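Below is one structure, written out as structure tokens, with a few remarks after it.
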Amino acid sequence: MAQQHLDPTDPMAEAVCGDALAGYLRAQATEFLRALRLHRETGGDGGAPARTKARAGDNGSQESVDAARALRRSARRISASLHTFRPLLDTDWSEAIRPELAWLSGTLAMEHAYAARLERLLLALHRLSGAAVLPAQTGVLGGPGDPSDGNRPAGVTAGAQKAASGDTGPPAHPVATPERGNLTVGAAKAGALLERQLTLARTRAHSSALQAIGSSRFHAVADNIAVLASEVPLTPVAATADLRPLAGAAEERLTDAVAALPLVTAGHPYNAEALIHGLSPDPAPHPQDAPWHQVRLLLRLHRYAREVLHGDSAPVDVRLLAAGQALNRHRDASEAAAAAAQAARTPRIAPATAYALGVLHADQRHEVEAARFAFQQSWQMQTVGTP
């Protein structure tokens with residue numbers, strides 16, 4: 001039997017007071033400032049001297065990517081803690097900085113998101129058609145994985161592959177069925193269209209990130225974080241207040257949101273209602289996805305609250321880890337499907353290209369359903385901690 005860990009939210013456990021919150025916020029602020037210094041040293045802010053960038057080379061590019069990821073990681077944790085434990089923090093200060101941290105984290109995440117989305121779609125096209133549609137180069141991003149967000153896989157599952165193509169894997173010499181032939185004809189053009197659109201979006205996101213880091217708005221955020229690294233604006237009662245009720249409230253919000261999900265529908269391998277909406281001309285986000293995205297955010301808040309309570313000794317909850325990975329896959333597949341649908345709405349594209357994009361969209365929506373089923377299975381597991 002796995003080792004059981006003491007749950008700090010247990011009323012019989014020892015109280016966790018405001019000092020733990022202050023220490024956690026100082027540590028995250030220090031990580032933010034360290035990542036910012038590394039980002040500037042590697043020329044990631046676009047303002048470093050040319051000789052610094054030349055000396056950094058490819059290693060400097062990767063270091064800049066790692067620094068940006070660390071900035072996002074610490075910004076998310078600070079923002080989440082300010083939200084979960086806001087009654088114990090100075091209201092004016094926390095309410096002013098939280099939106100700024102969300103802006104920064106979102107701005108820095110967009111370039112990686114577009115690159116990972118493109119690679120995911122091109123890999124899926126290659127798998128579905130057997131055509132020579134090669135993954136795009138991710139450049140400075142270094143690949144689709146994002147350790148700061150708990151393993152963000154860009155691949156696809158075998159279950160979705162079977163559902164979309166009827167194969168367990170592409171044979172050495174694909175059978176030239178009419179459907180496969182039509183898909184192969186359009187896959188190359190569909191891949192080129194997706195690459196143009198998402199590369200342009202990624203380039204714009206990169207420029208936005210550089211502008212953001214060089215802006216006075218960002219410098220104001222950095223100044224606030226520098227102050228936070230030495231002095232946490234806690235309320236007078238925070239020193240003796242117990243953090244467990246607030247952390248427990250975050251867990252309750254997550255539990256209630258999960259209870260409202262259509263987990264019964266997620267248990268079916270084919271959700272016709274989801275595909276029907278996705279194939280409609282309506283460009284609005286998929287209405288079925290929003291509650292799942294919300295659960296993903298609430299799960300993140302719960303994880304970060306556990307980090308505050310446990311400190312450096314926080315155990316790894318296998319159940320939460322698996323659920324988070326499933327929801328990351330859900331988010332990735334949902335956004336990829338939306339990108340395929342958006343590309344299919346491009347005026348005057350060839351029928352074969354539109355057909356390939358339609359198959360790609362359906363494949364990613366099957367991935368969405370597979371991720372929901374995986375979340376259902378992981379969430380229903382017994383909570384077990386590992387040392």
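Ordering of the structure tokens sets the chain letters (A, B, ...); residue numbers start at 1 within each chain; ligands are numbered from 1 in the order shown.
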List the spatial neighbours of Ala333 in chain A as a list in words - criterion: any atom at most 10 Å away, only C-alpha atoms, same-chain residues fewer than 5 positions off excluded.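 Result of the neighbour search: Arg117, Arg120, Leu121, Ala154, Gly155, Val156, Leu327, Asn328, Ala338, Ala339, His361, Asp363, Gln364, Arg365, His366, Glu367, Val368, Glu369, Ala370 and Ala371 of chain A.
Using only C-alpha atoms, the shortest contact distance between Leu193 in chain A and any of A:Trp103, A:Leu122, A:Ala290, A:Leu108 is found at A:Leu122.
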Nearest-residue call for Arg72 in chain A, choices A:Leu128, A:Val318, A:Ala35, A:Val221, using only C-alpha atoms: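 Looking at the shortest contact to Arg72 in chain A, the residue is A:Ala35.
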One decimal, Å: what's the distance from CA of Leu228 in chain A over to CA of Glu307 in chain A, could you say?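 That distance, rounded to one decimal, is 18.1 Å.
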Residue with smallest distance to Tyr355 in chain A - pool A:Leu297, A:Ile97, A:Ala340, A:Ala212, counting only C-alpha atoms: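 Of A:Leu297, A:Ile97, A:Ala340, A:Ala212, the one nearest Tyr355 in chain A is A:Ala340, counting only C-alpha atoms.
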If you run DSSP on this backbone, which residues of range 292-365 of chain A come out as alpha helix (DSSP H), and could you give them as JSON, numbers by chain? {"A": [292, 293, 294, 295, 296, 297, 298, 299, 300, 301, 302, 303, 304, 305, 306, 307, 308, 309, 310, 318, 319, 320, 321, 322, 323, 324, 325, 326, 327, 328, 329, 330, 331, 332, 333, 334, 335, 336, 337, 338, 339, 340, 341, 342, 343, 344, 351, 352, 353, 354, 355, 356, 357, 358, 359, 360, 361, 362, 363, 364, 365]}
Give me, as a Markdown table, each residue of range 60-118 of chain A that comes within 9 Å of range 231-249 of chain A, together with its shortest interatomic pair and the distance in Å at one decimal, counting only C-alpha atoms, with rows ordered by chain and rising residue number.
```
| residue | atom | partner | partner_atom | distance |
| --- | --- | --- | --- | --- |
| A:Thr84 | CA | A:Leu246 | CA | 6.5 |
| A:Phe85 | CA | A:Leu246 | CA | 6.2 |
| A:Pro87 | CA | A:Thr235 | CA | 8.0 |
| A:Leu88 | CA | A:Ala238 | CA | 5.2 |
| A:Leu89 | CA | A:Leu234 | CA | 4.4 |
| A:Asp90 | CA | A:Pro233 | CA | 5.6 |
| A:Thr91 | CA | A:Thr235 | CA | 8.8 |
| A:Trp93 | CA | A:Pro233 | CA | 7.8 |
| A:Ser94 | CA | A:Pro233 | CA | 8.6 |
```
Suppose we keep N, CA and C atoms; can you now write the selection as a PDB file, in the first residue's frame?
```pdb
ATOM      1  N   THR A  84      -6.755  32.623  -3.813  1.00  0.00           N
ATOM      2  CA  THR A  84      -7.244  31.664  -2.819  1.00  0.00           C
ATOM      3  C   THR A  84      -7.211  32.239  -1.416  1.00  0.00           C
ATOM      4  N   PHE A  85      -6.161  32.974  -1.091  1.00  0.00           N
ATOM      5  CA  PHE A  85      -5.978  33.471   0.278  1.00  0.00           C
ATOM      6  C   PHE A  85      -6.172  34.980   0.367  1.00  0.00           C
ATOM      7  N   PRO A  87      -8.493  36.922   1.620  1.00  0.00           N
ATOM      8  CA  PRO A  87      -8.886  37.572   2.884  1.00  0.00           C
ATOM      9  C   PRO A  87      -7.712  37.869   3.810  1.00  0.00           C
ATOM     10  N   LEU A  88      -6.564  37.231   3.577  1.00  0.00           N
ATOM     11  CA  LEU A  88      -5.412  37.415   4.462  1.00  0.00           C
ATOM     12  C   LEU A  88      -4.390  38.401   3.898  1.00  0.00           C
ATOM     13  N   LEU A  89      -4.701  39.001   2.762  1.00  0.00           N
ATOM     14  CA  LEU A  89      -3.771  39.914   2.103  1.00  0.00           C
ATOM     15  C   LEU A  89      -4.387  41.301   1.957  1.00  0.00           C
ATOM     16  N   ASP A  90      -3.521  42.294   1.865  1.00  0.00           N
ATOM     17  CA  ASP A  90      -4.000  43.660   1.668  1.00  0.00           C
ATOM     18  C   ASP A  90      -4.857  43.721   0.404  1.00  0.00           C
ATOM     19  N   THR A  91      -6.090  44.135   0.542  1.00  0.00           N
ATOM     20  CA  THR A  91      -7.059  44.038  -0.556  1.00  0.00           C
ATOM     21  C   THR A  91      -6.660  44.907  -1.741  1.00  0.00           C
ATOM     22  N   TRP A  93      -3.782  46.099  -2.666  1.00  0.00           N
ATOM     23  CA  TRP A  93      -2.567  45.637  -3.342  1.00  0.00           C
ATOM     24  C   TRP A  93      -2.835  44.378  -4.157  1.00  0.00           C
ATOM     25  N   SER A  94      -3.478  43.387  -3.551  1.00  0.00           N
ATOM     26  CA  SER A  94      -3.684  42.112  -4.240  1.00  0.00           C
ATOM     27  C   SER A  94      -4.634  42.249  -5.417  1.00  0.00           C
TER      28      SER A  94
END
```
Extract, using only C-alpha atoms, all DNA, RNA and protein residues at most 6 Å from Thr353 in chain A, discarding same-chain residues fewer than 2 positions from it, and format them as a list in words.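 Near neighbours after the sequence-gap exclusion: Gly186, Lys189, Ala190, Ala350, Pro351, Tyr355 and Ala356 of chain A.
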Skip Leu299 in chain A itself and residues of its chain fewer than 2 positions away, then list as number ranges by chain all residues within 9 Å of it, counting only C-alpha atoms. A: 250-251, 254, 294-297, 301-304, 320, 323-324
Given the selection you just returned, output its residues as a file containing N, CA and C atoms, formatted as an mmCIF file, in the first residue's frame.
```cif
data_model
loop_
_atom_site.group_PDB
_atom_site.id
_atom_site.type_symbol
_atom_site.label_atom_id
_atom_site.label_comp_id
_atom_site.auth_asym_id
_atom_site.auth_seq_id
_atom_site.Cartn_x
_atom_site.Cartn_y
_atom_site.Cartn_z
ATOM 1 N N ALA A 250 -11.173 26.203 -1.774
ATOM 2 C CA ALA A 250 -10.716 26.022 -3.164
ATOM 3 C C ALA A 250 -10.984 24.602 -3.634
ATOM 4 N N GLU A 251 -10.764 23.638 -2.752
ATOM 5 C CA GLU A 251 -11.037 22.240 -3.126
ATOM 6 C C GLU A 251 -12.532 22.005 -3.315
ATOM 7 N N LEU A 254 -13.631 23.205 -6.674
ATOM 8 C CA LEU A 254 -13.245 22.228 -7.692
ATOM 9 C C LEU A 254 -14.190 21.039 -7.690
ATOM 10 N N GLN A 294 -12.894 25.474 -17.158
ATOM 11 C CA GLN A 294 -13.034 26.040 -15.818
ATOM 12 C C GLN A 294 -12.545 25.056 -14.760
ATOM 13 N N VAL A 295 -12.860 23.784 -14.928
ATOM 14 C CA VAL A 295 -12.382 22.765 -13.993
ATOM 15 C C VAL A 295 -10.856 22.714 -14.005
ATOM 16 N N ARG A 296 -10.274 22.858 -15.189
ATOM 17 C CA ARG A 296 -8.806 22.861 -15.284
ATOM 18 C C ARG A 296 -8.208 24.006 -14.466
ATOM 19 N N LEU A 297 -8.804 25.190 -14.543
ATOM 20 C CA LEU A 297 -8.306 26.321 -13.764
ATOM 21 C C LEU A 297 -8.494 26.096 -12.263
ATOM 22 N N LEU A 301 -5.750 25.888 -9.139
ATOM 23 C CA LEU A 301 -5.830 26.623 -7.874
ATOM 24 C C LEU A 301 -5.711 25.679 -6.687
ATOM 25 N N HIS A 302 -6.365 24.526 -6.782
ATOM 26 C CA HIS A 302 -6.288 23.541 -5.698
ATOM 27 C C HIS A 302 -4.867 23.020 -5.530
ATOM 28 N N ARG A 303 -4.181 22.730 -6.637
ATOM 29 C CA ARG A 303 -2.802 22.246 -6.565
ATOM 30 C C ARG A 303 -1.888 23.271 -5.909
ATOM 31 N N TYR A 304 -2.050 24.526 -6.282
ATOM 32 C CA TYR A 304 -1.182 25.562 -5.728
ATOM 33 C C TYR A 304 -1.490 25.795 -4.245
ATOM 34 N N LEU A 320 -4.482 13.801 -8.799
ATOM 35 C CA LEU A 320 -4.514 15.161 -9.318
ATOM 36 C C LEU A 320 -3.610 15.310 -10.530
ATOM 37 N N ALA A 323 -5.389 13.720 -13.517
ATOM 38 C CA ALA A 323 -6.529 14.550 -13.913
ATOM 39 C C ALA A 323 -6.057 15.813 -14.615
ATOM 40 N N GLY A 324 -4.991 16.429 -14.103
ATOM 41 C CA GLY A 324 -4.463 17.632 -14.737
ATOM 42 C C GLY A 324 -3.922 17.367 -16.124
#
```
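Closest to Ala75 in chain A among A:Glu335, A:Glu119, A:Asp19, A:Glu31 is A:Glu31, based on only C-alpha atoms.
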What's around Glu100 in chain A at 10 Å? Count only C-alpha atoms, leave out sequence neighbours fewer than 6 positions away in its own chain, and write the answer as number ranges by chain. A: 75, 79, 106, 217-218, 220-221
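Minimum atom-to-atom distance to Met110 in chain A, evaluated using only C-alpha atoms, belongs to A:His206 out of A:Ala257, A:Phe32, A:Ala362, A:His206.
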